[in-house]
Amino acid sequence: MARETVFNGLMILVLAAIPAAALLFEEPFYLTLATRLAILALAAVGLNVALGLGGLVSFGHAAFFGIGGYVAGILAVHAFNMEPLLPGLPGTKSMPVIWVVSMLLAALIALPMGAISLRTSGVYFIMITLAFAQMIYYFAISWPAYGGEDGLSFYVRNGFPGVNTLQPLPFLLVCYGLLAAALLFFWRLQHSPFGAALQAARQNDVRLAAVGIRPFKIRLTAFALSAAITGVAGALFADLNRFVSPSMLSWHLSGELIVLIILGGVGRLFGPVAGATVYVFLEYGLGGITERWQFFLGLILLGVVLFARGGIIGLFAGRPRHG
Amino acid sequence: MAEPLLQLRGLKKSFGALLATDNVSLTLRPGEIHALIGPNGAGKTTLIHQIAGTLQPDEGELRFAGQDITSLHMADRVQLGLARTFQVSSVLPEFSALRNVMLAVQARQGTSFRFFADVRRDARLTDAAAECLARAGLDGRAAVPAAELSHGERRRLEIAIALATGPRALLLDEPMAGLGPEGSKDLVVLLNALRSEVPMLLVEHDMDAVFALADRISVLVYGRVIATGTADEIRRHPEVRAAYLGDDA
């Protein structure tokens with residue numbers, strides 16, 4: 001068995017072990033921790049499509065995370081107040097509906113954002129995606145209808161048919177389910193014709209054009225897919241906290257997602273999961289000891305960038321193989 | 001005479017004050033190898049870039065298979081059947097030789113927007129790619145990442161990729177560049193075997209290869225075509241001898 005497969009199996013065991021430990025030691029907080037981990041990993045799986053497969057270093061994915069969050073918050077508040085969103089268009093407390101709306105809206109905003117950003121590359125691409133996300137951030141801050149700077153609370157978590165999402169464990173399982181679906185999608189995508197073209201665009205876009213495929217179309221599609229996945233994660237994050245605020249849209253979050261992927265392994269299937277695990281454990285473990293836990297995260301990141309370019313998975317399983 | 005497959009009419013391109021392409025008209029006919037030679041800096045690569053679509057000409061017209069392609073995107077020209085190889089090998093370093101070729105096959109088959117099919121299990125894709133690799137003499141190296149291929153193998157991989165696009169014409173930009181005499185000879189054999197199948201516009205410095213392969217030769221000097229003819233006509237052409245070949249040719 002390939003070492004990466006072994007590693008991925010271990011990661012699945014870790015994900016399963018956290019809720020087990022929570023039940024065993026009667027520490028419900030571990031469930032929240034695992035939920036946070038799963039949601040961050042899901043958001044990073046989305047970014048991993050653009051950044052990992054396509055080499056598109058988007059510094060604006062907080063925009064999609066926040067859009068998902070606001071979709072969940074706004075629809076929930078309208079449903080709770082029984083006020084239609086627009087005449088004839090009610091809010092909803094149904095998670096599946098919220099997820100679909102989050103994905104569509106994130107992708108819809110990613111299309112013009114990507115169409116403009118993809119005219120540039122390298123540092124300019126990073127900066128222009130950041131600029132777009134900041135525009136949306138300041139829009140949310142200055143839009144009083146949904147809380148502005150203070151954010152938007154909703155008191156009851158949205159529902160999923162047949163699941164009591166108010167309980168931490170069922171909600172965690174819902175998040176795990178979506179993470180698994182996203183990983184499955186990423187895995188299929190990686191080996192699909194589209195994935196081949198996307199990875200070719202990262203390696204050498206002139207070569208891609210010279211076999212007759214326009215890199216722009218491939219990249220734009222990937223950017224929208226990537227945004228949709230990160231958008232769903234945002235909706236779950238809002239549901240976890242029953243609160244959404246402009247901080248979900250801030251550039252810190254875009255940076256965090258990039259850090260997760262670099263820590264775990266850029267373009268690797270379980271890279272986001274590994275990265276999010278390390279991140280959440282550090283935040284919890286070191287965060288209990290010192291407020292300056294991010295200093296140690298920085299040290300680890302420095303170590304990874306200098307000595308383990310393939311991230312944790314690269315360290316464990318070596319370079320990726322393309323059969 | 002057969003209708004030309006590729007036709008350049010009055011192509012002009014300048015960079016500032018430098019006229020890199022000066023009113024160039026050329027044709028590539030079905031079944032022929034047309035070589036483009038000229039001293040360094042004559043504008044050969046600039047011309048290839050305009051034909052392939054990486055550069056836009058300032059003036060003039062490009063026609064391919066009866067269609068005006070002057071303003072077409074590079075990828076769309078390839079879709080019409082105008083494939084190219086690069087002067088400096090341009091491959092996908094992380095992909096194996098086979099997967100490099102598979103990308104060209106999927107481009108031809110138009111399946112690049114399939115998100116769930118597994119390329120590794122698609123026999124239509126892998127078989128067609130393996131066949132192109134074999135024709136370029138790389139069948140034993142299919143699984144090797146392109147970054148680990150030798151320089152000569154990468155030159156061949158370029159040709160295998162170009163063949164996999166299903167070309168109606170090939171633009172070969174110095175395919176022999178950097179090959180030793182043995183490698184050059186092997187490549188001449190390979191190109192010779194392809195001549196009945198696909199016409200080629202060949203830019204090349206290796207005169208032995210040019211004279212061995214070309215049905216017609218055009219000589220480019222300072223962006224202008226100063227002569228077009230058969231190998232013998234070019235060898236005898238006084239202006240060509242003066243400008244390029246020297247007195248010993």
# chains A, B, ... in the order shown; residues from 1 in each chain; ligands from 1
>>> residues_around(residues="stretch 309-321 of chain A", least_positions_apart="3", cutoff="8 Å", atoms="only C-alpha atoms", output="PDB file with N, CA and C atoms, in the first residue's frame")
ATOM      1  N   ALA A   2       0.465   2.224  -0.750  1.00  0.00           N
ATOM      2  CA  ALA A   2       1.250   3.450  -0.798  1.00  0.00           C
ATOM      3  C   ALA A   2       1.252   4.131   0.579  1.00  0.00           C
ATOM      4  N   ARG A   3       2.356   4.773   0.892  1.00  0.00           N
ATOM      5  CA  ARG A   3       2.475   5.388   2.221  1.00  0.00           C
ATOM      6  C   ARG A   3       1.445   6.491   2.415  1.00  0.00           C
ATOM      7  N   GLU A   4       1.089   7.154   1.298  1.00  0.00           N
ATOM      8  CA  GLU A   4       0.089   8.212   1.445  1.00  0.00           C
ATOM      9  C   GLU A   4      -1.262   7.619   1.852  1.00  0.00           C
ATOM     10  N   PHE A   7      -1.182   6.979   5.480  1.00  0.00           N
ATOM     11  CA  PHE A   7      -1.329   8.250   6.194  1.00  0.00           C
ATOM     12  C   PHE A   7      -2.789   8.702   6.209  1.00  0.00           C
ATOM     13  N   ILE A 262      -0.607  24.559   3.361  1.00  0.00           N
ATOM     14  CA  ILE A 262       0.853  24.445   3.310  1.00  0.00           C
ATOM     15  C   ILE A 262       1.337  23.489   4.405  1.00  0.00           C
ATOM     16  N   LEU A 263       0.730  23.597   5.590  1.00  0.00           N
ATOM     17  CA  LEU A 263       1.087  22.690   6.690  1.00  0.00           C
ATOM     18  C   LEU A 263       0.820  21.244   6.295  1.00  0.00           C
ATOM     19  N   GLY A 264      -0.337  20.994   5.736  1.00  0.00           N
ATOM     20  CA  GLY A 264      -0.755  19.617   5.477  1.00  0.00           C
ATOM     21  C   GLY A 264      -0.088  19.029   4.248  1.00  0.00           C
ATOM     22  N   GLY A 265       0.026  19.816   3.190  1.00  0.00           N
ATOM     23  CA  GLY A 265       0.592  19.324   1.935  1.00  0.00           C
ATOM     24  C   GLY A 265      -0.220  19.859   0.774  1.00  0.00           C
ATOM     25  N   VAL A 266       0.391  20.731  -0.008  1.00  0.00           N
ATOM     26  CA  VAL A 266      -0.307  21.407  -1.099  1.00  0.00           C
ATOM     27  C   VAL A 266      -0.719  20.397  -2.173  1.00  0.00           C
ATOM     28  N   ARG A 268      -2.434  17.754  -1.923  1.00  0.00           N
ATOM     29  CA  ARG A 268      -2.617  16.372  -1.482  1.00  0.00           C
ATOM     30  C   ARG A 268      -4.056  16.218  -0.977  1.00  0.00           C
ATOM     31  N   PHE A 270      -5.476  14.578   1.497  1.00  0.00           N
ATOM     32  CA  PHE A 270      -5.724  14.785   2.921  1.00  0.00           C
ATOM     33  C   PHE A 270      -4.901  15.938   3.493  1.00  0.00           C
ATOM     34  N   GLY A 271      -4.257  16.716   2.627  1.00  0.00           N
ATOM     35  CA  GLY A 271      -3.481  17.854   3.102  1.00  0.00           C
ATOM     36  C   GLY A 271      -4.295  18.792   3.988  1.00  0.00           C
ATOM     37  N   ALA A 274      -4.966  17.140   7.416  1.00  0.00           N
ATOM     38  CA  ALA A 274      -3.769  17.114   8.258  1.00  0.00           C
ATOM     39  C   ALA A 274      -3.470  18.513   8.787  1.00  0.00           C
ATOM     40  N   GLY A 275      -3.566  19.505   7.897  1.00  0.00           N
ATOM     41  CA  GLY A 275      -3.275  20.881   8.297  1.00  0.00           C
ATOM     42  C   GLY A 275      -4.249  21.368   9.359  1.00  0.00           C
ATOM     43  N   VAL A 304       8.238  23.984   8.169  1.00  0.00           N
ATOM     44  CA  VAL A 304       7.668  23.252   7.035  1.00  0.00           C
ATOM     45  C   VAL A 304       8.132  23.870   5.719  1.00  0.00           C
ATOM     46  N   VAL A 305       8.076  25.205   5.651  1.00  0.00           N
ATOM     47  CA  VAL A 305       8.422  25.867   4.401  1.00  0.00           C
ATOM     48  C   VAL A 305       9.905  25.677   4.083  1.00  0.00           C
ATOM     49  N   LEU A 306      10.742  25.701   5.131  1.00  0.00           N
ATOM     50  CA  LEU A 306      12.181  25.585   4.896  1.00  0.00           C
ATOM     51  C   LEU A 306      12.618  24.139   4.669  1.00  0.00           C
TER      52      LEU A 306
END
>>> residues_around(residues="stretch 102-109 of chain B", least_positions_apart="3", cutoff="10 Å", atoms="only C-alpha atoms", output="ChimeraX atom specification")
/A:193-194,196-197,200,207-214 /B:75,78-81,92,95-99,112-113,119-120,124-130,132-133,160-167
>>> select_by_dssp(residues="stretch 2-242 of chain B", states="alpha helix (DSSP H)", output="PyMOL selection string")
chain B and resi 44-52+74-80+97-109+123-135+151-164+181-194+207-213+231-236+238-240
>>> closest_residue(among="A:Val163, A:Val206, A:Ile126, A:Met82", to="chain B", atoms="only C-alpha atoms")
A:Val206
>>> residues_around(residues="A:Asn81", least_positions_apart="4", cutoff="9 Å", atoms="only C-alpha atoms", output="list in words")
Ala76, Val77 and Gly91 of chain A
>>> select_by_dssp(residues="stretch 17-218 of chain B", states="strand (DSSP E or B)", output="ChimeraX atom specification")
/B:18-28,33-37,59-64,67-68,82-85,96,145,169-173,200-203,216-218
>>> closest_residue(among="A:Ile12, A:His61, A:Ile289, A:Asn158", to="A:Asn48", atoms="only C-alpha atoms")
A:His61
>>> residues_around(residues="B:Val188", least_positions_apart="6", cutoff="12 Å", atoms="only C-alpha atoms", output="list in words")
Ile33, Ala136, Arg156, Pro175, Met176, Leu179, Pro181, Glu182, Leu194, Arg195, Leu202, Glu204, Asp206, Met207, Asp208, Ala209, Val210, Phe211, Ala212, Leu213 and Ala214 of chain B
>>> closest_residue(among="B:Asp58, B:Glu197, B:Glu158, B:Glu174", to="chain A", atoms="only C-alpha atoms")
B:Glu158
>>> residues_around(residues="B:Arg168", least_positions_apart="4", cutoff="9 Å", atoms="only C-alpha atoms", output="number ranges by chain")
B: 5, 30, 65, 80-83, 197-199
>>> residues_around(residues="A:Phe154", least_positions_apart="5", cutoff="10 Å", atoms="only C-alpha atoms", output="list in words")
Ala72, Gly73, Ile74, Leu75, Ala76, Val77, His78, Phe80, Ala238, Asp239, Asn241, Arg242, Phe243 and Val244 of chain A
>>> write_last_selection(atoms="all heavy atoms", output="mmCIF file, in the first residue's frame")
data_model
loop_
_atom_site.group_PDB
_atom_site.id
_atom_site.type_symbol
_atom_site.label_atom_id
_atom_site.label_comp_id
_atom_site.auth_asym_id
_atom_site.auth_seq_id
_atom_site.Cartn_x
_atom_site.Cartn_y
_atom_site.Cartn_z
ATOM 1 N N ALA A 72 -26.308 31.331 5.464
ATOM 2 C CA ALA A 72 -26.914 30.569 6.553
ATOM 3 C C ALA A 72 -27.586 31.519 7.548
ATOM 4 O O ALA A 72 -28.739 31.302 7.946
ATOM 5 C CB ALA A 72 -25.848 29.721 7.255
ATOM 6 N N GLY A 73 -26.860 32.568 7.935
ATOM 7 C CA GLY A 73 -27.376 33.497 8.947
ATOM 8 C C GLY A 73 -28.611 34.238 8.468
ATOM 9 O O GLY A 73 -29.635 34.298 9.162
ATOM 10 N N ILE A 74 -28.532 34.779 7.270
ATOM 11 C CA ILE A 74 -29.628 35.602 6.764
ATOM 12 C C ILE A 74 -30.885 34.760 6.544
ATOM 13 O O ILE A 74 -31.987 35.131 6.954
ATOM 14 C CB ILE A 74 -29.199 36.336 5.471
ATOM 15 C CG1 ILE A 74 -28.156 37.412 5.817
ATOM 16 C CG2 ILE A 74 -30.405 36.953 4.770
ATOM 17 C CD1 ILE A 74 -27.517 38.075 4.617
ATOM 18 N N LEU A 75 -30.700 33.590 5.923
ATOM 19 C CA LEU A 75 -31.879 32.737 5.690
ATOM 20 C C LEU A 75 -32.491 32.294 7.009
ATOM 21 O O LEU A 75 -33.723 32.259 7.160
ATOM 22 C CB LEU A 75 -31.486 31.530 4.830
ATOM 23 C CG LEU A 75 -31.183 31.833 3.357
ATOM 24 C CD1 LEU A 75 -30.760 30.572 2.620
ATOM 25 C CD2 LEU A 75 -32.396 32.462 2.675
ATOM 26 N N ALA A 76 -31.639 31.989 7.996
ATOM 27 C CA ALA A 76 -32.148 31.531 9.288
ATOM 28 C C ALA A 76 -32.926 32.647 9.993
ATOM 29 O O ALA A 76 -34.010 32.413 10.541
ATOM 30 C CB ALA A 76 -30.997 31.048 10.161
ATOM 31 N N VAL A 77 -32.383 33.850 9.975
ATOM 32 C CA VAL A 77 -33.036 34.970 10.660
ATOM 33 C C VAL A 77 -34.385 35.276 10.021
ATOM 34 O O VAL A 77 -35.382 35.498 10.704
ATOM 35 C CB VAL A 77 -32.116 36.203 10.654
ATOM 36 C CG1 VAL A 77 -32.898 37.459 11.004
ATOM 37 C CG2 VAL A 77 -30.981 36.002 11.636
ATOM 38 N N HIS A 78 -34.427 35.237 8.692
ATOM 39 C CA HIS A 78 -35.701 35.488 8.011
ATOM 40 C C HIS A 78 -36.718 34.413 8.337
ATOM 41 O O HIS A 78 -37.896 34.695 8.520
ATOM 42 C CB HIS A 78 -35.484 35.597 6.493
ATOM 43 C CG HIS A 78 -35.031 36.959 6.076
ATOM 44 N ND1 HIS A 78 -35.895 37.998 5.875
ATOM 45 C CD2 HIS A 78 -33.788 37.445 5.853
ATOM 46 C CE1 HIS A 78 -35.204 39.079 5.535
ATOM 47 N NE2 HIS A 78 -33.917 38.770 5.522
ATOM 48 N N PHE A 80 -36.768 32.617 11.052
ATOM 49 C CA PHE A 80 -37.129 32.771 12.470
ATOM 50 C C PHE A 80 -38.147 33.904 12.657
ATOM 51 O O PHE A 80 -39.119 33.750 13.382
ATOM 52 C CB PHE A 80 -35.853 33.072 13.267
ATOM 53 C CG PHE A 80 -36.079 33.121 14.747
ATOM 54 C CD1 PHE A 80 -36.258 31.947 15.473
ATOM 55 C CD2 PHE A 80 -36.108 34.334 15.431
ATOM 56 C CE1 PHE A 80 -36.458 31.969 16.842
ATOM 57 C CE2 PHE A 80 -36.321 34.366 16.798
ATOM 58 C CZ PHE A 80 -36.481 33.181 17.508
ATOM 59 N N ALA A 238 -21.108 29.043 10.413
ATOM 60 C CA ALA A 238 -22.131 29.915 10.994
ATOM 61 C C ALA A 238 -23.060 29.100 11.874
ATOM 62 O O ALA A 238 -23.444 29.526 12.970
ATOM 63 C CB ALA A 238 -22.917 30.611 9.892
ATOM 64 N N ASP A 239 -23.394 27.875 11.411
ATOM 65 C CA ASP A 239 -24.282 27.024 12.199
ATOM 66 C C ASP A 239 -23.617 26.553 13.487
ATOM 67 O O ASP A 239 -24.270 26.393 14.510
ATOM 68 C CB ASP A 239 -24.728 25.812 11.373
ATOM 69 C CG ASP A 239 -26.123 26.033 10.810
ATOM 70 O OD1 ASP A 239 -26.906 26.722 11.472
ATOM 71 O OD2 ASP A 239 -26.403 25.525 9.709
ATOM 72 N N ASN A 241 -21.486 28.221 15.305
ATOM 73 C CA ASN A 241 -21.458 29.319 16.279
ATOM 74 C C ASN A 241 -22.822 29.986 16.473
ATOM 75 O O ASN A 241 -22.968 30.819 17.343
ATOM 76 C CB ASN A 241 -20.448 30.375 15.826
ATOM 77 C CG ASN A 241 -19.059 29.790 15.658
ATOM 78 O OD1 ASN A 241 -18.631 28.984 16.462
ATOM 79 N ND2 ASN A 241 -18.387 30.157 14.573
ATOM 80 N N ARG A 242 -23.758 29.626 15.597
ATOM 81 C CA ARG A 242 -25.051 30.320 15.528
ATOM 82 C C ARG A 242 -24.833 31.836 15.457
ATOM 83 O O ARG A 242 -25.541 32.628 16.065
ATOM 84 C CB ARG A 242 -25.940 29.949 16.702
ATOM 85 C CG ARG A 242 -26.703 28.660 16.447
ATOM 86 C CD ARG A 242 -27.042 27.942 17.700
ATOM 87 N NE ARG A 242 -25.842 27.355 18.278
ATOM 88 C CZ ARG A 242 -25.799 26.697 19.427
ATOM 89 N NH1 ARG A 242 -26.867 26.560 20.136
ATOM 90 N NH2 ARG A 242 -24.680 26.179 19.868
ATOM 91 N N PHE A 243 -23.832 32.193 14.747
ATOM 92 C CA PHE A 243 -23.424 33.591 14.684
ATOM 93 C C PHE A 243 -22.565 33.772 13.437
ATOM 94 O O PHE A 243 -21.757 32.910 13.105
ATOM 95 C CB PHE A 243 -22.608 33.939 15.937
ATOM 96 C CG PHE A 243 -22.016 35.318 15.929
ATOM 97 C CD1 PHE A 243 -22.835 36.442 15.928
ATOM 98 C CD2 PHE A 243 -20.635 35.493 15.926
ATOM 99 C CE1 PHE A 243 -22.283 37.721 15.935
ATOM 100 C CE2 PHE A 243 -20.081 36.764 15.935
ATOM 101 C CZ PHE A 243 -20.910 37.874 15.947
ATOM 102 N N VAL A 244 -22.786 34.870 12.741
ATOM 103 C CA VAL A 244 -21.916 35.176 11.604
ATOM 104 C C VAL A 244 -21.545 36.643 11.692
ATOM 105 O O VAL A 244 -22.367 37.485 12.036
ATOM 106 C CB VAL A 244 -22.593 34.814 10.258
ATOM 107 C CG1 VAL A 244 -24.026 35.281 10.202
ATOM 108 C CG2 VAL A 244 -21.814 35.392 9.082
#
>>> residues_around(residues="stretch 127-144 of chain A", least_positions_apart="6", cutoff="10 Å", atoms="only C-alpha atoms", output="mmCIF file with N, CA and C atoms, in the first residue's frame")
data_model
loop_
_atom_site.group_PDB
_atom_site.id
_atom_site.type_symbol
_atom_site.label_atom_id
_atom_site.label_comp_id
_atom_site.auth_asym_id
_atom_site.auth_seq_id
_atom_site.Cartn_x
_atom_site.Cartn_y
_atom_site.Cartn_z
ATOM 1 N N VAL A 57 -2.975 30.800 -6.119
ATOM 2 C CA VAL A 57 -2.862 31.179 -4.712
ATOM 3 C C VAL A 57 -3.874 32.278 -4.432
ATOM 4 N N SER A 58 -5.091 31.847 -4.087
ATOM 5 C CA SER A 58 -6.145 32.810 -3.794
ATOM 6 C C SER A 58 -6.001 33.282 -2.359
ATOM 7 N N PHE A 59 -5.869 34.585 -2.183
ATOM 8 C CA PHE A 59 -5.808 35.167 -0.848
ATOM 9 C C PHE A 59 -7.160 35.809 -0.550
ATOM 10 N N GLY A 60 -8.199 35.284 -1.209
ATOM 11 C CA GLY A 60 -9.520 35.880 -1.034
ATOM 12 C C GLY A 60 -10.601 34.871 -0.718
ATOM 13 N N HIS A 61 -10.190 33.666 -0.284
ATOM 14 C CA HIS A 61 -11.214 32.645 -0.068
ATOM 15 C C HIS A 61 -12.082 32.913 1.147
ATOM 16 N N ALA A 62 -11.649 33.825 2.036
ATOM 17 C CA ALA A 62 -12.516 34.220 3.147
ATOM 18 C C ALA A 62 -13.823 34.775 2.587
ATOM 19 N N ALA A 63 -13.775 35.386 1.426
ATOM 20 C CA ALA A 63 -14.992 35.925 0.819
ATOM 21 C C ALA A 63 -16.043 34.827 0.679
ATOM 22 N N PHE A 64 -15.618 33.667 0.185
ATOM 23 C CA PHE A 64 -16.584 32.590 -0.060
ATOM 24 C C PHE A 64 -17.034 31.956 1.250
ATOM 25 N N GLY A 66 -17.225 33.526 4.086
ATOM 26 C CA GLY A 66 -18.157 34.492 4.679
ATOM 27 C C GLY A 66 -19.496 34.514 3.957
ATOM 28 N N ILE A 67 -19.461 34.379 2.646
ATOM 29 C CA ILE A 67 -20.716 34.362 1.887
ATOM 30 C C ILE A 67 -21.567 33.187 2.344
ATOM 31 N N TYR A 70 -22.993 34.068 5.762
ATOM 32 C CA TYR A 70 -24.097 35.027 5.712
ATOM 33 C C TYR A 70 -25.352 34.414 5.088
ATOM 34 N N ALA A 110 -17.669 34.032 -7.463
ATOM 35 C CA ALA A 110 -16.311 33.646 -7.880
ATOM 36 C C ALA A 110 -16.111 33.846 -9.381
ATOM 37 N N MET A 113 -15.213 37.518 -10.151
ATOM 38 C CA MET A 113 -13.977 37.763 -9.400
ATOM 39 C C MET A 113 -12.797 37.030 -10.054
ATOM 40 N N GLY A 114 -13.045 35.755 -10.416
ATOM 41 C CA GLY A 114 -12.003 34.979 -11.070
ATOM 42 C C GLY A 114 -11.711 35.501 -12.467
ATOM 43 N N ILE A 116 -11.753 38.384 -13.602
ATOM 44 C CA ILE A 116 -10.865 39.549 -13.570
ATOM 45 C C ILE A 116 -9.499 39.163 -12.999
ATOM 46 N N SER A 117 -9.507 38.433 -11.883
ATOM 47 C CA SER A 117 -8.237 38.083 -11.231
ATOM 48 C C SER A 117 -7.346 37.221 -12.125
ATOM 49 N N LEU A 118 -7.968 36.335 -12.903
ATOM 50 C CA LEU A 118 -7.178 35.396 -13.696
ATOM 51 C C LEU A 118 -6.488 36.054 -14.891
ATOM 52 N N THR A 120 -4.380 38.124 -14.303
ATOM 53 C CA THR A 120 -3.051 38.320 -13.737
ATOM 54 C C THR A 120 -2.544 36.973 -13.246
ATOM 55 N N SER A 121 -1.303 36.950 -12.762
ATOM 56 C CA SER A 121 -0.794 35.727 -12.145
ATOM 57 C C SER A 121 0.197 36.113 -11.065
ATOM 58 N N ASP A 150 -21.271 44.344 14.028
ATOM 59 C CA ASP A 150 -21.546 43.485 15.179
ATOM 60 C C ASP A 150 -21.869 42.049 14.790
ATOM 61 N N GLY A 151 -22.162 41.831 13.534
ATOM 62 C CA GLY A 151 -22.505 40.477 13.123
ATOM 63 C C GLY A 151 -23.962 40.167 13.378
ATOM 64 N N SER A 245 -20.264 36.925 11.433
ATOM 65 C CA SER A 245 -19.822 38.316 11.522
ATOM 66 C C SER A 245 -18.819 38.588 10.414
ATOM 67 N N PRO A 246 -18.502 39.851 10.178
ATOM 68 C CA PRO A 246 -17.554 40.167 9.114
ATOM 69 C C PRO A 246 -16.192 39.502 9.307
ATOM 70 N N SER A 247 -15.875 39.059 10.536
ATOM 71 C CA SER A 247 -14.553 38.440 10.729
ATOM 72 C C SER A 247 -14.410 37.169 9.882
ATOM 73 N N MET A 248 -15.547 36.534 9.547
ATOM 74 C CA MET A 248 -15.465 35.370 8.664
ATOM 75 C C MET A 248 -14.978 35.756 7.270
ATOM 76 N N LEU A 249 -15.114 37.052 6.955
ATOM 77 C CA LEU A 249 -14.729 37.530 5.617
ATOM 78 C C LEU A 249 -13.328 38.143 5.613
ATOM 79 N N SER A 250 -12.697 38.184 6.765
ATOM 80 C CA SER A 250 -11.461 38.976 6.843
ATOM 81 C C SER A 250 -10.264 38.221 6.264
ATOM 82 N N TRP A 251 -9.251 38.956 5.927
ATOM 83 C CA TRP A 251 -8.095 38.347 5.266
ATOM 84 C C TRP A 251 -7.352 37.377 6.171
ATOM 85 N N SER A 254 -8.508 34.045 5.135
ATOM 86 C CA SER A 254 -7.898 33.617 3.865
ATOM 87 C C SER A 254 -6.493 33.092 4.117
ATOM 88 N N GLY A 255 -5.767 33.811 4.976
ATOM 89 C CA GLY A 255 -4.396 33.404 5.296
ATOM 90 C C GLY A 255 -4.378 32.077 6.041
#
>>> atom_distance(atom1="atom CA of A:Cys175", atom2="atom CA of A:Ala38")
6.3 Å
>>> atom_distance(atom1="atom CA of A:Val97", atom2="atom CA of A:Val232")
10.8 Å
>>> closest_residue(among="B:Gly140, B:Gly38, B:Pro93, B:Gly43", to="B:Ser218", atoms="only C-alpha atoms")
B:Gly38
